[in-house]
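Asker: So that you have it, the file is entry.txt, and it contains compact mmCIF, C-alpha atoms:
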```txt
# COMPACT_ATOMS: atom_id res chain seq x y z
CA MET W 304 199.67 -94.48 -81.90
CA ASN W 305 203.36 -93.75 -81.46
CA VAL W 306 205.22 -92.63 -78.34
CA GLU W 307 204.85 -89.04 -79.44
CA GLY W 308 201.12 -89.54 -78.93
CA ALA W 309 201.47 -90.78 -75.36
CA VAL W 310 200.14 -88.88 -72.35
CA THR W 311 203.24 -87.90 -70.39
CA SER W 312 202.01 -86.02 -67.33
CA ASP W 313 199.13 -85.52 -64.91
CA ARG W 314 198.64 -82.02 -66.32
CA GLN W 315 198.24 -83.30 -69.87
CA LEU W 316 195.88 -86.06 -68.72
CA VAL W 317 193.73 -83.56 -66.81
CA ARG W 318 193.51 -81.29 -69.86
CA LEU W 319 192.37 -84.23 -71.99
CA LEU W 320 189.78 -85.25 -69.39
CA GLN W 321 188.57 -81.63 -69.33
CA MET W 322 188.32 -81.80 -73.12
CA GLY W 323 186.17 -84.91 -72.71
CA VAL W 324 183.90 -83.02 -70.31
CA VAL W 325 183.51 -80.24 -72.87
CA LEU W 326 182.73 -82.71 -75.69
CA GLU W 327 179.97 -84.20 -73.52
CA GLU W 328 178.69 -80.74 -72.57
CA VAL W 329 178.51 -79.78 -76.25
CA VAL W 330 176.40 -82.89 -76.99
CA GLU W 331 174.15 -82.17 -74.01
CA ALA W 332 173.67 -78.49 -74.86
CA ARG W 333 173.13 -79.08 -78.59
CA ALA W 334 170.63 -81.91 -77.95
CA SER W 335 168.60 -79.45 -75.83
CA LYS W 336 168.77 -76.78 -78.52
CA HIS W 337 167.80 -79.30 -81.20
CA TYR W 338 164.70 -80.30 -79.26
CA GLU W 339 163.70 -76.66 -78.67
CA SER W 340 164.28 -75.89 -82.33
CA LEU W 341 162.21 -78.83 -83.58
CA ALA W 342 159.41 -78.25 -81.04
CA ALA W 343 159.19 -74.58 -82.02
CA ASP W 344 158.41 -75.46 -85.64
CA ASP W 345 154.60 -75.25 -85.80
CA ASP W 346 154.49 -76.90 -89.21
CA ALA W 347 156.14 -80.15 -88.14
CA GLU W 348 155.48 -82.54 -85.28
CA VAL W 349 158.60 -83.85 -83.56
CA ASP W 350 159.11 -87.52 -84.41
CA PRO W 351 158.82 -89.40 -81.07
CA ALA W 352 161.88 -91.50 -81.99
CA ILE W 353 163.98 -88.35 -82.48
CA ALA W 354 162.62 -86.80 -79.28
CA GLU W 355 163.61 -89.96 -77.39
CA LEU W 356 167.05 -89.98 -79.02
CA LEU W 357 167.68 -86.38 -77.96
CA ALA W 358 166.46 -87.04 -74.40
CA ASP W 359 168.70 -90.12 -74.16
CA ALA W 360 171.66 -88.16 -75.56
CA ARG W 361 171.21 -85.45 -72.93
CA ALA W 362 170.99 -87.98 -70.10
CA GLU W 363 173.94 -90.05 -71.33
CA SER W 364 176.18 -87.01 -71.81
CA ALA W 365 175.34 -85.72 -68.33
CA ASP W 366 176.23 -89.16 -66.90
CA HIS W 367 179.50 -89.30 -68.89
CA ARG W 368 180.40 -85.82 -67.73
CA GLN W 369 179.92 -86.83 -64.10
CA ARG W 370 182.10 -89.91 -64.55
CA LEU W 371 184.86 -87.81 -66.10
CA GLU W 372 184.53 -85.29 -63.29
CA GLY W 373 185.02 -88.16 -60.85
CA LEU W 374 188.42 -88.77 -62.46
CA ILE W 375 189.32 -85.07 -62.56
CA ASP W 376 188.47 -84.73 -58.84
CA ARG W 377 191.23 -87.21 -58.02
CA PHE W 378 193.79 -84.75 -59.42
CA ASP W 379 192.38 -81.94 -57.31
CA ALA W 380 191.70 -80.07 -60.58
CA ASP W 381 188.66 -78.08 -61.72
CA THR W 382 186.06 -79.24 -64.18
CA ILE W 383 184.59 -76.96 -66.85
CA PRO W 384 181.25 -75.48 -65.73
CA PHE W 385 178.34 -76.58 -67.93
CA ASP W 386 176.84 -73.09 -68.09
CA ARG W 387 180.04 -71.72 -69.64
CA ILE W 388 179.98 -74.28 -72.46
CA GLN W 389 176.20 -74.01 -72.79
CA GLY W 390 176.64 -70.26 -73.38
CA LEU W 391 179.26 -70.86 -76.09
CA VAL W 392 177.06 -73.48 -77.78
CA GLU W 393 173.98 -71.24 -77.77
CA GLU W 394 176.00 -68.32 -79.17
CA ARG W 395 177.07 -70.37 -82.19
CA TYR W 396 173.84 -72.38 -82.51
CA SER W 397 171.77 -69.34 -83.34
CA GLN W 398 174.13 -68.56 -86.24
CA ALA W 399 173.66 -72.00 -87.84
CA PRO W 400 170.57 -73.85 -86.57
CA PRO W 401 169.70 -77.23 -88.13
CA GLY W 402 167.45 -77.00 -91.15
CA SER W 403 165.77 -80.42 -90.88
CA PHE W 404 165.39 -83.66 -88.91
CA ASP W 405 168.26 -85.06 -90.98
CA ASP W 406 170.56 -82.23 -89.91
CA VAL W 407 169.75 -83.02 -86.28
CA LEU W 408 170.50 -86.70 -86.77
CA TYR W 409 173.79 -85.97 -88.55
CA ASP W 410 174.80 -83.66 -85.71
CA GLN W 411 174.00 -86.35 -83.13
CA LEU W 412 175.97 -88.88 -85.17
CA HIS W 413 178.93 -86.49 -85.39
CA GLY W 414 178.79 -86.01 -81.60
CA GLU W 415 178.76 -89.76 -80.88
CA GLU W 416 181.48 -90.54 -83.43
CA SER W 417 183.84 -87.83 -82.26
CA ALA W 418 183.36 -88.83 -78.61
CA TYR W 419 184.08 -92.47 -79.53
CA LYS W 420 187.25 -91.40 -81.39
CA PHE W 421 188.32 -89.19 -78.49
CA TYR W 422 188.02 -91.97 -75.88
CA ASP W 423 189.66 -94.52 -78.19
CA ASP W 424 192.68 -92.26 -78.82
CA LEU W 425 192.94 -91.31 -75.15
CA ILE W 426 192.95 -94.98 -74.11
CA ALA W 427 195.74 -95.68 -76.63
CA ALA W 428 197.70 -92.63 -75.40
CA VAL W 429 197.44 -93.78 -71.75
CA GLU W 430 198.37 -97.37 -72.64
CA GLU W 431 201.36 -96.06 -74.62
CA SER W 432 202.57 -93.98 -71.68
CA GLU W 433 205.12 -95.10 -69.12
CA ALA W 434 204.27 -92.17 -66.82
CA GLY W 435 202.82 -92.72 -63.36
CA PHE W 436 199.55 -90.85 -62.78
CA ASP W 437 197.85 -89.64 -59.59
CA VAL W 438 194.93 -91.93 -60.40
CA ASP W 439 194.73 -95.71 -60.51
CA ARG W 440 195.62 -96.65 -64.09
CA ALA W 441 193.28 -99.68 -64.19
CA HIS W 442 190.34 -97.57 -62.92
CA LEU W 443 191.17 -94.82 -65.43
CA LEU W 444 191.32 -97.24 -68.36
CA SER W 445 188.19 -99.16 -67.37
CA THR W 446 186.22 -95.91 -66.99
CA LEU W 447 187.38 -94.64 -70.39
CA ALA W 448 186.68 -98.01 -72.04
CA ALA W 449 183.11 -98.04 -70.65
CA LEU W 450 182.53 -94.51 -71.99
CA ARG W 451 183.95 -95.48 -75.39
CA ASP W 452 181.70 -98.56 -75.58
CA GLU W 453 178.61 -96.50 -74.78
CA GLU W 454 179.53 -94.00 -77.50
CA GLU W 455 179.94 -96.88 -79.95
CA ALA W 456 176.44 -98.10 -79.03
CA GLY W 457 175.20 -94.54 -79.54
CA VAL W 458 176.65 -94.46 -83.07
CA ARG W 459 174.75 -97.68 -83.85
CA GLU W 460 171.48 -96.26 -82.49
CA VAL W 461 171.67 -93.08 -84.55
CA THR W 462 172.69 -95.02 -87.66
CA GLN W 463 169.72 -97.37 -87.23
CA LEU W 464 167.37 -94.44 -86.83
CA MET W 465 168.77 -92.77 -89.93
CA SER W 466 168.32 -95.95 -91.99
CA GLY W 467 164.80 -96.52 -90.65
CA GLU W 468 165.71 -99.87 -89.11
CA PRO W 469 163.79 -100.98 -86.01
CA MET V 1422 196.05 -85.95 -85.19
CA ASN V 1423 199.19 -88.06 -85.18
CA GLY V 1424 202.91 -87.25 -85.16
CA ALA V 1425 203.12 -87.01 -88.96
CA ASP V 1426 200.58 -84.20 -89.00
CA GLY V 1427 202.81 -82.11 -86.71
CA TYR V 1428 205.62 -82.44 -89.27
CA LEU V 1429 203.30 -81.62 -92.16
CA LYS V 1430 202.15 -78.48 -90.38
CA SER V 1431 205.73 -77.32 -89.79
CA ILE V 1432 206.91 -78.11 -93.34
CA TYR V 1433 203.89 -76.31 -94.79
CA LEU V 1434 204.54 -73.18 -92.72
CA LEU V 1435 208.29 -73.17 -93.43
CA CYS V 1436 207.66 -73.54 -97.19
CA ARG V 1437 205.08 -70.75 -97.02
CA GLU V 1438 207.55 -68.46 -95.27
CA ALA V 1439 210.43 -69.30 -97.63
CA ASP V 1440 208.23 -69.51 -100.73
CA GLY V 1441 210.26 -72.63 -101.55
CA PRO V 1442 211.63 -75.84 -100.04
CA ALA V 1443 212.19 -76.16 -96.29
CA ALA V 1444 215.61 -77.29 -94.99
CA THR V 1445 215.30 -80.48 -92.94
CA GLY V 1446 217.35 -78.80 -90.16
CA ALA V 1447 214.72 -76.06 -89.96
CA VAL V 1448 212.00 -78.73 -89.87
CA ALA V 1449 213.80 -80.45 -86.97
CA ASP V 1450 214.02 -77.12 -85.08
CA ALA V 1451 210.35 -76.33 -85.71
CA VAL V 1452 209.15 -79.73 -84.51
CA GLY V 1453 211.67 -79.85 -81.66
CA VAL V 1454 213.42 -83.11 -82.62
CA SER V 1455 216.91 -84.15 -83.71
CA PRO V 1456 217.90 -83.77 -87.42
CA ALA V 1457 218.09 -87.57 -87.64
CA SER V 1458 214.49 -87.94 -86.44
CA ALA V 1459 213.34 -85.26 -88.88
CA ASN V 1460 215.15 -86.99 -91.76
CA GLU V 1461 213.51 -90.29 -90.86
CA MET V 1462 210.02 -88.76 -90.81
CA VAL V 1463 210.62 -86.84 -94.05
CA GLY V 1464 211.50 -90.20 -95.65
CA LYS V 1465 208.23 -91.67 -94.37
CA LEU V 1466 206.24 -88.70 -95.68
CA GLU V 1467 207.93 -89.08 -99.06
CA ALA V 1468 207.12 -92.80 -99.13
CA ALA V 1469 203.48 -91.97 -98.33
CA GLY V 1470 203.31 -89.56 -101.27
CA LEU V 1471 202.92 -86.52 -99.02
CA ALA V 1472 206.33 -84.86 -99.54
CA ASP V 1473 209.20 -84.58 -102.00
CA HIS V 1474 212.75 -84.39 -100.68
CA GLU V 1475 215.76 -83.30 -102.67
CA LYS V 1476 219.19 -83.62 -101.10
CA TYR V 1477 220.91 -80.26 -100.40
CA VAL V 1478 217.73 -78.43 -101.46
CA GLY V 1479 215.07 -79.35 -98.93
CA VAL V 1480 211.57 -80.72 -98.62
CA THR V 1481 208.31 -79.61 -100.23
CA LEU V 1482 204.79 -81.01 -99.93
CA THR V 1483 202.75 -82.69 -102.63
CA ASP V 1484 199.17 -81.54 -103.26
CA GLU V 1485 197.90 -84.25 -100.90
CA GLY V 1486 200.57 -83.25 -98.35
CA ILE V 1487 199.42 -79.63 -98.54
CA ARG V 1488 195.79 -80.71 -98.04
CA ARG V 1489 196.74 -82.75 -94.97
CA ALA V 1490 198.97 -79.96 -93.63
CA ARG V 1491 196.23 -77.35 -93.89
CA ALA V 1492 193.81 -79.69 -92.11
CA ALA V 1493 196.43 -80.29 -89.39
CA LEU V 1494 196.98 -76.56 -89.03
CA GLU V 1495 193.25 -75.96 -88.67
CA THR V 1496 193.11 -78.65 -85.98
CA TYR V 1497 196.02 -76.97 -84.20
CA CYS V 1498 194.25 -73.59 -84.37
CA VAL V 1499 191.11 -75.17 -82.90
CA LEU V 1500 193.22 -76.56 -80.04
CA GLU V 1501 194.85 -73.21 -79.31
CA ARG V 1502 191.53 -71.41 -79.40
CA PHE V 1503 189.84 -74.11 -77.31
CA LEU V 1504 192.55 -73.96 -74.62
CA ALA V 1505 192.66 -70.16 -74.59
CA THR V 1506 188.94 -69.40 -74.71
CA ALA V 1507 187.00 -72.41 -73.35
CA LEU V 1508 189.51 -73.64 -70.74
CA GLU V 1509 191.12 -70.20 -70.19
CA VAL V 1510 194.65 -71.69 -70.21
CA ASP V 1511 197.40 -69.05 -70.21
CA ALA V 1512 200.11 -71.26 -71.77
CA TYR V 1513 197.83 -72.32 -74.62
CA ARG V 1514 200.60 -72.59 -77.25
CA ALA V 1515 202.76 -75.00 -75.26
CA GLU V 1516 199.77 -77.09 -74.19
CA ALA V 1517 198.36 -77.18 -77.74
CA ARG V 1518 201.68 -78.56 -78.97
CA GLN V 1519 201.51 -81.29 -76.30
CA MET V 1520 197.91 -82.21 -77.14
CA GLN V 1521 198.35 -82.08 -80.91
CA PRO V 1522 199.48 -85.73 -81.39
CA VAL V 1523 196.62 -87.08 -79.24
CA VAL V 1524 193.70 -85.15 -80.73
CA ASP V 1525 192.18 -86.24 -84.03
CA GLY V 1526 190.67 -83.90 -86.63
CA THR V 1527 187.21 -85.41 -86.00
CA VAL V 1528 187.39 -84.39 -82.34
CA ALA V 1529 188.71 -80.93 -83.24
CA GLY V 1530 185.76 -80.58 -85.63
CA ARG V 1531 183.43 -80.93 -82.66
CA LEU V 1532 185.36 -78.42 -80.54
CA ASP V 1533 185.21 -76.10 -83.54
CA LEU V 1534 181.49 -75.66 -82.73
CA ILE V 1535 182.39 -73.45 -79.76
CA VAL V 1536 185.69 -71.73 -80.61
CA GLU V 1537 184.66 -69.12 -83.18
CA ARG V 1538 187.43 -69.78 -85.71
CA ARG V 1539 187.76 -67.20 -88.51
CA PRO V 1540 186.81 -68.04 -92.12
CA GLU V 1541 190.34 -67.20 -93.30
CA CYS V 1542 191.88 -69.91 -91.04
CA PRO V 1543 194.58 -71.25 -91.46
CA ASP V 1544 195.99 -68.55 -93.78
CA CYS V 1545 196.14 -66.02 -90.94
CA PHE V 1546 198.26 -68.28 -88.67
CA LEU V 1547 201.30 -66.43 -87.27
CA VAL V 1548 204.34 -68.55 -88.03
CA ASP V 1549 206.88 -66.69 -85.87
CA ASP V 1550 204.58 -66.72 -82.83
CA ASP V 1551 203.24 -70.22 -83.58
CA ARG V 1552 199.70 -69.11 -82.77
CA CYS V 1553 196.34 -68.11 -84.15
CA ALA V 1554 196.56 -64.45 -85.23
CA HIS V 1555 193.25 -63.65 -83.54
CA LEU V 1556 194.15 -64.84 -80.06
CA VAL V 1557 195.13 -62.21 -77.57
CA GLY V 1558 195.95 -62.46 -73.91
CA PRO V 1559 198.69 -63.98 -71.79
CA ASP V 1560 200.82 -66.86 -72.98
CA ASP V 1561 204.16 -67.23 -71.26
CA GLY V 1562 204.98 -70.29 -73.36
CA SER V 1563 205.65 -72.49 -70.34
CA VAL V 1564 203.72 -75.44 -68.99
```
Go through the file and emit its structure as structure tokens.

Answerer:
Amino acid sequence: MNVEGAVTSDRQLVRLLQMGVVLEEVVEARASKHYESLAADDDAEVDPAIAELLADARAESADHRQRLEGLIDRFDADTIPFDRIQGLVEERYSQAPPGSFDDVLYDQLHGEESAYKFYDDLIAAVEESEAGFDVDRAHLLSTLAALRDEEEAGVREVTQLMSGEP
Amino acid sequence: MNGADGYLKSIYLLCREADGPAATGAVADAVGVSPASANEMVGKLEAAGLADHEKYVGVTLTDEGIRRARAALETYCVLERFLATALEVDAYRAEARQMQPVVDGTVAGRLDLIVERRPECPDCFLVDDDRCAHLVGPDDGSV
């Protein structure tokens, strides 16, 4: 990433952290809707592996959101309320619900991959920056790296499930 | 999205407005860099097969350049709409420009799930205002 892609101010960093919160909230809200949607289908029983995946995704996203909010708090800035994003997700979800188990898995994969890409780019943008931030740089980078690694593990889990590997 | 995509977006919009090549000086103004920086990037885009540059005429995009530019413009629209509607940021244009080089199209694709972008995007983008045509509300342009 070039210098143009560096994070240059606290304000820009906070906006990107807020974007991270929203990405996690979208995963959390869509995982809930997926489960409701699959469970409501009387003709098909929810695969226990998919049910577990969705439950794990909800829990992990909630945890990631809280860790991001811990960073945002240090800037004395506001987070983005979950119910606001949940409302936006539900509004759009009803217009294009998943048609099958595969659609649900692809959506989960997309969520994990985009979160991984987001954290990876943000880490590069912070490392590229010469700006001083109102948060300890080492703590910021280690938190983001841990989140990125967990998203990477999530991508592997969904991929394994899609390929039928144990 | 990286820095090159910001240039592609500006060249695409300038060519659309002019219905012909874009002057590199106008590209520099649109991106907010010096003419020398714009010339350097145009050379890189040409080397990558994304643009054609003719001296004293201007720069146009190849088919692949146009495809990338439209994708970049859609990402930019997602960012503006995300900032304006989900985060309720008043200065959404200025902040979208700042975030543009850091946010990849994959990430924007995820945000697109909540921003209600129009099917005609990016053809409805307002070049003079540098914003999504369907966004209303305050934007003082400052950060």

Asker: Set the distance at 9 Å and use only C-alpha atoms: which residues neighbour segment 1456-1473 of chain V once local chain neighbours fewer than 6 positions away are removed? I'd like the list as JSON, numbers by chain.

Answerer: {"V": [1425, 1428, 1429, 1445, 1446, 1447, 1448, 1449, 1450, 1479, 1480, 1481, 1482, 1483, 1484, 1485, 1486, 1487, 1489]}

Asker: Counting all atoms listed in the file, a student should be able to say which residues of chain V come within 6 Å of chain W; what is the right answer, written as an NGL selection string?

Answerer: :V and (1522-1523 or 1527-1528 or 1535)

Asker: Please report the interatomic distance between atom CA of Ser432 of chain W and atom CA of Asp381 of chain W in Å with one decimal.

Answerer: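 Spanning atom CA of Ser432 of chain W to atom CA of Asp381 of chain W is a straight-line distance of 23.4 Å.
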
Asker: Give me the residues near segment 362-376 of chain W as a ChimeraX atom specification, where near means some atom within 6 Å (using only C-alpha atoms) and where sequence neighbours in that chain fewer than 5 positions away do not count.

Answerer: /W:324,327,331

Asker: Between atom CA of Cys1436 of chain V and atom CA of Ala1529 of chain V, what is the distance in Å, rounded to a tenth?

Answerer: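 Separation of atom CA of Cys1436 of chain V and atom CA of Ala1529 of chain V: 24.7 Å.
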
Asker: What does the distance between atom CA of Gln398 of chain W and atom CA of Glu355 of chain W come to in Å, to one decimal place?

Answerer: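 Atom-to-atom, atom CA of Gln398 of chain W and atom CA of Glu355 of chain W are spaced 25.4 Å apart.
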
Asker: So which residues touch Glu1509 of chain V within 12 Å, counting all atoms listed in the file, skipping near sequence neighbours fewer than 3 positions away, as a list of chain:residue names?

Answerer: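 Near neighbours after the sequence-gap exclusion: W:Arg318, W:Gln321, W:Asp381, W:Thr382, W:Ile383, W:Arg387, V:Leu1500, V:Glu1501, V:Arg1502, V:Phe1503, V:Leu1504, V:Ala1505, V:Thr1506, V:Ala1512, V:Tyr1513, V:Glu1516, V:Val1536, V:Leu1556, V:Val1557, V:Gly1558, V:Pro1559, V:Asp1560.
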
Asker: Restricting the calculation to only C-alpha atoms, which member of V:Cys1553, V:Ala1444, V:Val1548, V:Leu1434 is positioned closest to Ala1490 of chain V?

Answerer: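 Ranked by minimum distance to Ala1490 of chain V, first place goes to V:Leu1434.
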
Asker: Here is a test: counting all atoms listed in the file, which residue of W:Gly435, W:Gly467, W:Pro400, W:Gly457 is nearest to Leu1534 of chain V?

Answerer: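 Nearest to Leu1534 of chain V: W:Pro400.
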
Asker: Quick one: 3 Å padding each side, axis-aligned, all listed atoms of segment 379-397 of chain W - centre and edge lengths in Å to one decimal, as JSON?

Answerer:
```
{"center_x": 182.1, "center_y": -75.1, "center_z": -70.3, "size_x": 26.6, "size_y": 19.6, "size_z": 32.0}
```
